[in-house]
>>> print(open('run.pdb').read())   # PDB, C-alpha atoms and all ligand atoms
ATOM      1  CA  MET A  19       4.274 -74.458 -56.176
ATOM      2  CA  GLY A  20       0.781 -74.037 -57.582
ATOM      3  CA  LEU A  21      -0.418 -71.247 -59.833
ATOM      4  CA  LEU A  22      -2.109 -69.466 -56.939
ATOM      5  CA  ASP A  23       1.000 -69.629 -54.718
ATOM      6  CA  ALA A  24       3.117 -68.170 -57.517
ATOM      7  CA  LYS A  25       0.727 -65.252 -57.866
ATOM      8  CA  VAL A  26       0.605 -64.684 -54.112
ATOM      9  CA  SER A  27       4.384 -64.797 -53.641
ATOM     10  CA  ASN A  28       4.850 -61.947 -56.124
ATOM     11  CA  ARG A  29       2.400 -59.588 -54.546
ATOM     12  CA  ASN A  30       1.354 -58.223 -51.174
ATOM     13  CA  VAL A  31      -1.659 -60.023 -49.767
ATOM     14  CA  LEU A  32      -4.114 -58.511 -47.340
ATOM     15  CA  VAL A  33      -6.099 -60.910 -45.201
ATOM     16  CA  THR A  34      -9.031 -59.520 -43.254
ATOM     17  CA  SER A  35     -12.692 -60.120 -42.508
ATOM     18  CA  VAL A  36     -15.712 -58.594 -44.252
ATOM     19  CA  ASP A  37     -16.568 -57.021 -40.906
ATOM     20  CA  ASN A  38     -13.273 -55.132 -40.736
ATOM     21  CA  VAL A  39     -13.489 -53.898 -44.328
ATOM     22  CA  MET A  40     -17.077 -52.734 -43.862
ATOM     23  CA  ASN A  41     -16.263 -50.933 -40.601
ATOM     24  CA  TRP A  42     -13.140 -49.345 -42.088
ATOM     25  CA  ALA A  43     -15.177 -48.065 -45.055
ATOM     26  CA  ARG A  44     -17.907 -46.709 -42.773
ATOM     27  CA  LEU A  45     -15.587 -44.940 -40.343
ATOM     28  CA  SER A  46     -13.514 -43.482 -43.178
ATOM     29  CA  SER A  47     -16.490 -41.764 -44.787
ATOM     30  CA  LEU A  48     -18.499 -40.257 -41.950
ATOM     31  CA  TRP A  49     -21.038 -37.721 -43.169
ATOM     32  CA  PRO A  50     -22.304 -35.507 -40.341
ATOM     33  CA  MET A  51     -25.448 -33.556 -40.977
ATOM     34  CA  GLY A  52     -24.740 -29.864 -41.450
ATOM     35  CA  PHE A  53     -26.917 -28.084 -38.937
ATOM     36  CA  GLY A  54     -26.170 -26.068 -35.819
ATOM     37  CA  LEU A  55     -28.338 -24.688 -33.029
ATOM     38  CA  ALA A  56     -26.362 -21.966 -31.220
ATOM     39  CA  CYS A  57     -22.843 -20.722 -30.394
ATOM     40  CA  CYS A  58     -21.312 -24.251 -30.322
ATOM     41  CA  ALA A  59     -22.143 -24.462 -34.027
ATOM     42  CA  ILE A  60     -19.554 -21.747 -34.723
ATOM     43  CA  GLU A  61     -16.848 -24.031 -33.316
ATOM     44  CA  MET A  62     -18.257 -26.885 -35.397
ATOM     45  CA  MET A  63     -18.005 -24.721 -38.524
ATOM     46  CA  ALA A  64     -14.434 -23.760 -37.587
ATOM     47  CA  THR A  65     -13.593 -27.459 -37.269
ATOM     48  CA  ASN A  66     -14.757 -27.957 -40.849
ATOM     49  CA  ALA A  67     -12.671 -25.028 -42.105
ATOM     50  CA  SER A  68      -9.228 -25.377 -43.641
ATOM     51  CA  ASN A  69      -7.256 -24.877 -40.397
ATOM     52  CA  TYR A  70      -8.449 -28.182 -38.988
ATOM     53  CA  ASP A  71      -9.267 -29.915 -42.287
ATOM     54  CA  LEU A  72     -11.718 -32.605 -41.167
ATOM     55  CA  GLU A  73     -11.700 -34.108 -44.641
ATOM     56  CA  ARG A  74      -8.346 -35.720 -43.914
ATOM     57  CA  PHE A  75     -10.323 -38.083 -41.612
ATOM     58  CA  GLY A  76     -12.951 -38.692 -44.299
ATOM     59  CA  ILE A  77     -15.462 -36.497 -42.448
ATOM     60  CA  PHE A  78     -17.479 -34.146 -44.622
ATOM     61  CA  PRO A  79     -20.817 -32.452 -43.788
ATOM     62  CA  ARG A  80     -23.927 -33.275 -45.801
ATOM     63  CA  SER A  81     -26.956 -31.064 -46.220
ATOM     64  CA  SER A  82     -29.532 -33.809 -45.995
ATOM     65  CA  PRO A  83     -30.426 -36.198 -43.165
ATOM     66  CA  ARG A  84     -31.172 -38.876 -45.743
ATOM     67  CA  GLN A  85     -27.491 -39.195 -46.643
ATOM     68  CA  SER A  86     -26.010 -38.544 -43.204
ATOM     69  CA  ASP A  87     -24.857 -41.176 -40.744
ATOM     70  CA  LEU A  88     -23.854 -38.811 -37.931
ATOM     71  CA  MET A  89     -25.777 -36.084 -36.145
ATOM     72  CA  ILE A  90     -23.717 -33.476 -34.275
ATOM     73  CA  VAL A  91     -26.036 -31.648 -31.895
ATOM     74  CA  ALA A  92     -24.145 -28.370 -31.517
ATOM     75  CA  GLY A  93     -25.858 -25.784 -29.349
ATOM     76  CA  THR A  94     -28.827 -25.110 -27.114
ATOM     77  CA  VAL A  95     -31.761 -27.448 -27.682
ATOM     78  CA  THR A  96     -34.894 -25.454 -26.892
ATOM     79  CA  MET A  97     -38.212 -27.259 -26.382
ATOM     80  CA  LYS A  98     -39.385 -25.847 -29.693
ATOM     81  CA  MET A  99     -36.295 -27.095 -31.548
ATOM     82  CA  ALA A 100     -36.261 -30.517 -29.853
ATOM     83  CA  GLU A 101     -39.181 -31.613 -32.007
ATOM     84  CA  ARG A 102     -37.238 -30.703 -35.183
ATOM     85  CA  VAL A 103     -34.127 -32.504 -33.910
ATOM     86  CA  VAL A 104     -36.168 -35.678 -33.430
ATOM     87  CA  THR A 105     -37.682 -35.340 -36.932
ATOM     88  CA  LEU A 106     -34.217 -34.951 -38.485
ATOM     89  CA  TYR A 107     -32.910 -37.931 -36.482
ATOM     90  CA  GLU A 108     -35.796 -40.101 -37.660
ATOM     91  CA  GLN A 109     -35.082 -39.159 -41.281
ATOM     92  CA  MET A 110     -31.503 -40.479 -41.028
ATOM     93  CA  PRO A 111     -30.850 -44.026 -42.267
ATOM     94  CA  GLU A 112     -29.463 -46.767 -39.987
ATOM     95  CA  PRO A 113     -26.786 -47.242 -38.775
ATOM     96  CA  ARG A 114     -26.739 -43.696 -37.387
ATOM     97  CA  TYR A 115     -24.711 -42.053 -34.638
ATOM     98  CA  VAL A 116     -25.207 -39.000 -32.436
ATOM     99  CA  LEU A 117     -22.518 -36.764 -30.961
ATOM    100  CA  SER A 118     -23.643 -34.198 -28.400
ATOM    101  CA  MET A 119     -21.378 -31.154 -28.498
ATOM    102  CA  GLY A 120     -21.191 -28.725 -25.557
ATOM    103  CA  SER A 121     -22.826 -28.259 -22.170
ATOM    104  CA  CYS A 122     -26.160 -26.981 -23.559
ATOM    105  CA  SER A 123     -26.738 -30.079 -25.622
ATOM    106  CA  ASN A 124     -25.259 -32.387 -22.947
ATOM    107  CA  CYS A 125     -27.313 -31.158 -19.987
ATOM    108  CA  GLY A 126     -28.925 -27.751 -20.593
ATOM    109  CA  GLY A 127     -25.676 -25.863 -19.853
ATOM    110  CA  PRO A 128     -26.018 -22.365 -18.393
ATOM    111  CA  TYR A 129     -29.804 -22.668 -18.772
ATOM    112  CA  TRP A 130     -29.980 -25.576 -16.308
ATOM    113  CA  ASP A 131     -31.436 -23.485 -13.473
ATOM    114  CA  HIS A 132     -33.621 -20.850 -15.075
ATOM    115  CA  GLY A 133     -34.046 -21.817 -18.724
ATOM    116  CA  TYR A 134     -37.601 -23.160 -18.610
ATOM    117  CA  HIS A 135     -37.522 -23.295 -22.429
ATOM    118  CA  VAL A 136     -34.328 -25.436 -22.726
ATOM    119  CA  LEU A 137     -34.119 -29.232 -22.786
ATOM    120  CA  LYS A 138     -31.821 -30.553 -20.019
ATOM    121  CA  GLY A 139     -29.887 -32.801 -22.366
ATOM    122  CA  VAL A 140     -30.660 -33.885 -25.907
ATOM    123  CA  ASP A 141     -30.436 -37.523 -24.731
ATOM    124  CA  ARG A 142     -33.936 -37.042 -23.310
ATOM    125  CA  VAL A 143     -35.287 -37.203 -26.855
ATOM    126  CA  ILE A 144     -32.664 -39.086 -28.945
ATOM    127  CA  PRO A 145     -29.912 -41.581 -27.989
ATOM    128  CA  VAL A 146     -26.414 -40.071 -27.731
ATOM    129  CA  ASP A 147     -23.262 -42.118 -28.406
ATOM    130  CA  VAL A 148     -20.516 -39.621 -27.534
ATOM    131  CA  TYR A 149     -20.611 -36.447 -25.385
ATOM    132  CA  VAL A 150     -18.066 -33.654 -25.881
ATOM    133  CA  PRO A 151     -17.871 -31.364 -22.816
ATOM    134  CA  GLY A 152     -17.209 -27.608 -22.858
ATOM    135  CA  CYS A 153     -18.890 -24.254 -23.358
ATOM    136  CA  PRO A 154     -18.051 -24.228 -26.182
ATOM    137  CA  PRO A 155     -15.702 -27.159 -26.836
ATOM    138  CA  ARG A 156     -12.726 -26.203 -28.993
ATOM    139  CA  PRO A 157     -12.364 -27.795 -32.442
ATOM    140  CA  GLU A 158      -9.692 -30.148 -31.024
ATOM    141  CA  ALA A 159     -12.246 -31.469 -28.519
ATOM    142  CA  LEU A 160     -14.801 -32.031 -31.282
ATOM    143  CA  ILE A 161     -12.181 -33.854 -33.359
ATOM    144  CA  GLY A 162     -11.482 -36.029 -30.292
ATOM    145  CA  GLY A 163     -15.213 -36.833 -30.051
ATOM    146  CA  LEU A 164     -15.399 -37.664 -33.747
ATOM    147  CA  MET A 165     -12.477 -40.042 -33.317
ATOM    148  CA  LYS A 166     -14.384 -41.737 -30.503
ATOM    149  CA  ILE A 167     -17.282 -42.266 -32.930
ATOM    150  CA  GLN A 168     -14.822 -43.765 -35.434
ATOM    151  CA  GLU A 169     -13.443 -46.043 -32.695
ATOM    152  CA  LEU A 170     -16.988 -47.114 -31.847
ATOM    153  CA  ILE A 171     -17.663 -48.009 -35.489
ATOM    154  CA  ARG A 172     -14.384 -49.965 -35.625
ATOM    155  CA  MET A 173     -15.452 -52.024 -32.582
ATOM    156  CA  GLU A 174     -18.920 -52.809 -33.869
ATOM    157  CA  GLY A 175     -19.281 -56.036 -35.761
ATOM    158  CA  LEU A 176     -21.428 -59.006 -36.566
ATOM    159  CA  GLY A 177     -21.001 -60.383 -33.042
ATOM    160  CA  ILE A 178     -20.739 -57.096 -31.137
ATOM    161  CA  SER A 179     -23.734 -54.831 -30.583
ATOM    162  CA  ARG A 180     -23.616 -51.021 -30.259
ATOM    163  CA  GLU A 181     -24.173 -51.316 -26.473
ATOM    164  CA  GLU A 182     -21.233 -53.696 -26.035
ATOM    165  CA  ALA A 183     -18.996 -51.483 -28.212
ATOM    166  CA  LEU A 184     -19.996 -48.427 -26.137
ATOM    167  CA  LYS A 185     -19.116 -50.280 -22.914
ATOM    168  CA  LYS A 186     -15.690 -51.186 -24.303
ATOM    169  CA  LEU A 187     -15.193 -47.591 -25.421
ATOM    170  CA  ALA A 188     -15.970 -46.310 -21.895
ATOM    171  CA  GLU A 189     -13.404 -48.740 -20.447
ATOM    172  CA  LYS A 190     -10.814 -47.292 -22.828
ATOM    173  CA  SER A 191     -11.590 -43.703 -21.737
ATOM    174  CA  VAL A 192      -8.602 -41.528 -21.024
ATOM    175  CA  ASP A 193      -8.147 -40.220 -17.489
ATOM    176  CA  ALA A 194      -7.624 -36.485 -18.176
ATOM    177  CA  GLN A 195      -5.929 -35.893 -14.804
ATOM    178  CA  GLN A 196      -3.466 -38.702 -15.461
ATOM    179  CA  VAL A 197      -2.599 -37.255 -18.876
ATOM    180  CA  LEU A 198      -2.060 -33.803 -17.315
ATOM    181  CA  ASP A 199       0.176 -35.237 -14.580
ATOM    182  CA  GLN A 200       2.236 -37.160 -17.132
ATOM    183  CA  THR A 201       2.606 -34.045 -19.329
ATOM    184  CA  ARG A 202       3.727 -31.970 -16.310
ATOM    185  CA  LYS A 203       6.235 -34.640 -15.256
ATOM    186  CA  ALA A 204       7.625 -34.821 -18.807
ATOM    187  CA  ALA A 205       7.913 -31.006 -18.932
ATOM    188  CA  ILE A 206       9.839 -30.901 -15.625
ATOM    189  CA  ALA A 207      12.194 -33.787 -16.497
TER     190      ALA A 207
HETATM  191  S1  LIG A 301     -22.553 -24.804 -24.504
HETATM  192 FE1  LIG A 301     -21.953 -22.639 -24.332
HETATM  193  S2  LIG A 301     -21.121 -22.168 -26.356
HETATM  194 FE2  LIG A 301     -22.328 -24.051 -26.577
HETATM  195  S3  LIG A 301     -24.355 -23.388 -27.200
HETATM  196 FE3  LIG A 301     -24.352 -23.513 -24.974
HETATM  197  S4  LIG A 301     -23.864 -21.461 -24.262
HETATM  198 FE4  LIG A 301     -23.289 -21.579 -26.415
END
>>> encode(input="run.pdb", output="C-alpha cells")
Amino acid sequence: MGLLDAKVSNRNVLVTSVDNVMNWARLSSLWPMGFGLACCAIEMMATNASNYDLERFGIFPRSSPRQSDLMIVAGTVTMKMAERVVTLYEQMPEPRYVLSMGSCSNCGGPYWDHGYHVLKGVDRVIPVDVYVPGCPPRPEALIGGLMKIQELIRMEGLGISREEALKKLAEKSVDAQQVLDQTRKAAIA
C-alpha cells in the first residue's frame, strides 16, 4: 500500500468535478436584489422574514445590483418603471438569473385589459428564467420558484448551456393536477 492509499483509507474521500463544486457553491449562495414594485413585494419580504427563513437555503437579499446574481421582479411593471428594471438588470454581473413573481410581472395581471401604462410581461424587456404564478403568490410558491432557479444552476455546466438546462427543467415540471389527485387519494385511503 502506498503512502497515498494509506492516507485515503483513513479518511472520507469526496470525488466530484469542478463543474459540480462550482454549481453547488453558486446555488448555495444566491443573492437576490432587494427591490420590489408593488403588492407582490410584500409577500417577497415575508418570505425573507424569520417565519420562512430563506437563509437556510443560502438565499439572502443584497442592496446592490453589482453583487446580485438573481433579480426577483415582484409586482406591477409600469412602462415608466420598465426602463429602471432594464438598467438594474444590465448592472448585474453574469451569470445572472431572473425570477418573475406574480401575474402582473408575468403578463400584466389585472391590468391586462385596461392598464395602458402596464407592461404585459417583464419578459418583453428582460429574459425570464422562472415564472411564479399567483396574485400574489404565497411565500411557499416563491420558495418553490427559487428552488427551480437552484435546480437550473445545478444543471448548467461546461457542456450544458442555459437554454438546454431550461428545457430539461421544463421536462421535469410537476403536474399540479396529478399532485392534487395523489394527495386526495392518500387522504381518502
Ligand atoms: S400580481 Fe396581484 S398582488 Fe402581485 S403586484 Fe399584481 S396585483 Fe399586486
>>> residues_around(input="run.pdb", residues="Gln168 in chain A", least_positions_apart="4", cutoff="8 Å", atoms="only C-alpha atoms", output="list in words")
Leu45, Ser46, Leu164 and Arg172 of chain A
>>> residues_near_ligand(input="run.pdb", ligand="ligand LIG 301 (chain A)", cutoff="9 Å", atoms="all atoms listed in the file", output="list in words")
Leu55, Ala56, Cys57, Cys58, Ala59, Ile60, Glu61, Ala92, Gly93, Thr94, Val95, Met119, Gly120, Ser121, Cys122, Ser123, Asn124, Gly126, Gly127, Pro128, Tyr129, Pro151, Gly152, Cys153, Pro154 and Pro155 of chain A
>>> write_last_selection(input="run.pdb", atoms="C-alpha atoms", output="compact mmCIF listing (two decimals), in the frame of the given file")
# COMPACT_ATOMS: atom_id res chain seq x y z
CA LEU A 55 -28.34 -24.69 -33.03
CA ALA A 56 -26.36 -21.97 -31.22
CA CYS A 57 -22.84 -20.72 -30.39
CA CYS A 58 -21.31 -24.25 -30.32
CA ALA A 59 -22.14 -24.46 -34.03
CA ILE A 60 -19.55 -21.75 -34.72
CA GLU A 61 -16.85 -24.03 -33.32
CA ALA A 92 -24.14 -28.37 -31.52
CA GLY A 93 -25.86 -25.78 -29.35
CA THR A 94 -28.83 -25.11 -27.11
CA VAL A 95 -31.76 -27.45 -27.68
CA MET A 119 -21.38 -31.15 -28.50
CA GLY A 120 -21.19 -28.72 -25.56
CA SER A 121 -22.83 -28.26 -22.17
CA CYS A 122 -26.16 -26.98 -23.56
CA SER A 123 -26.74 -30.08 -25.62
CA ASN A 124 -25.26 -32.39 -22.95
CA GLY A 126 -28.92 -27.75 -20.59
CA GLY A 127 -25.68 -25.86 -19.85
CA PRO A 128 -26.02 -22.36 -18.39
CA TYR A 129 -29.80 -22.67 -18.77
CA PRO A 151 -17.87 -31.36 -22.82
CA GLY A 152 -17.21 -27.61 -22.86
CA CYS A 153 -18.89 -24.25 -23.36
CA PRO A 154 -18.05 -24.23 -26.18
CA PRO A 155 -15.70 -27.16 -26.84
>>> atom_distance(input="run.pdb", atom1="CA of Val33 in chain A", atom2="CA of Glu169 in chain A")
20.8 Å
>>> atom_distance(input="run.pdb", atom1="CA of Glu158 in chain A", atom2="CA of Asn69 in chain A")
11.0 Å
>>> closest_residue(input="run.pdb", among="A:Val140, A:Ile161, A:Val91, A:Val104", to="Gly76 in chain A", atoms="all atoms listed in the file")
A:Ile161
>>> closest_residue(input="run.pdb", among="A:Leu106, A:Pro113, A:Asn38, A:Ala100", to="Arg142 in chain A", atoms="only C-alpha atoms")
A:Ala100
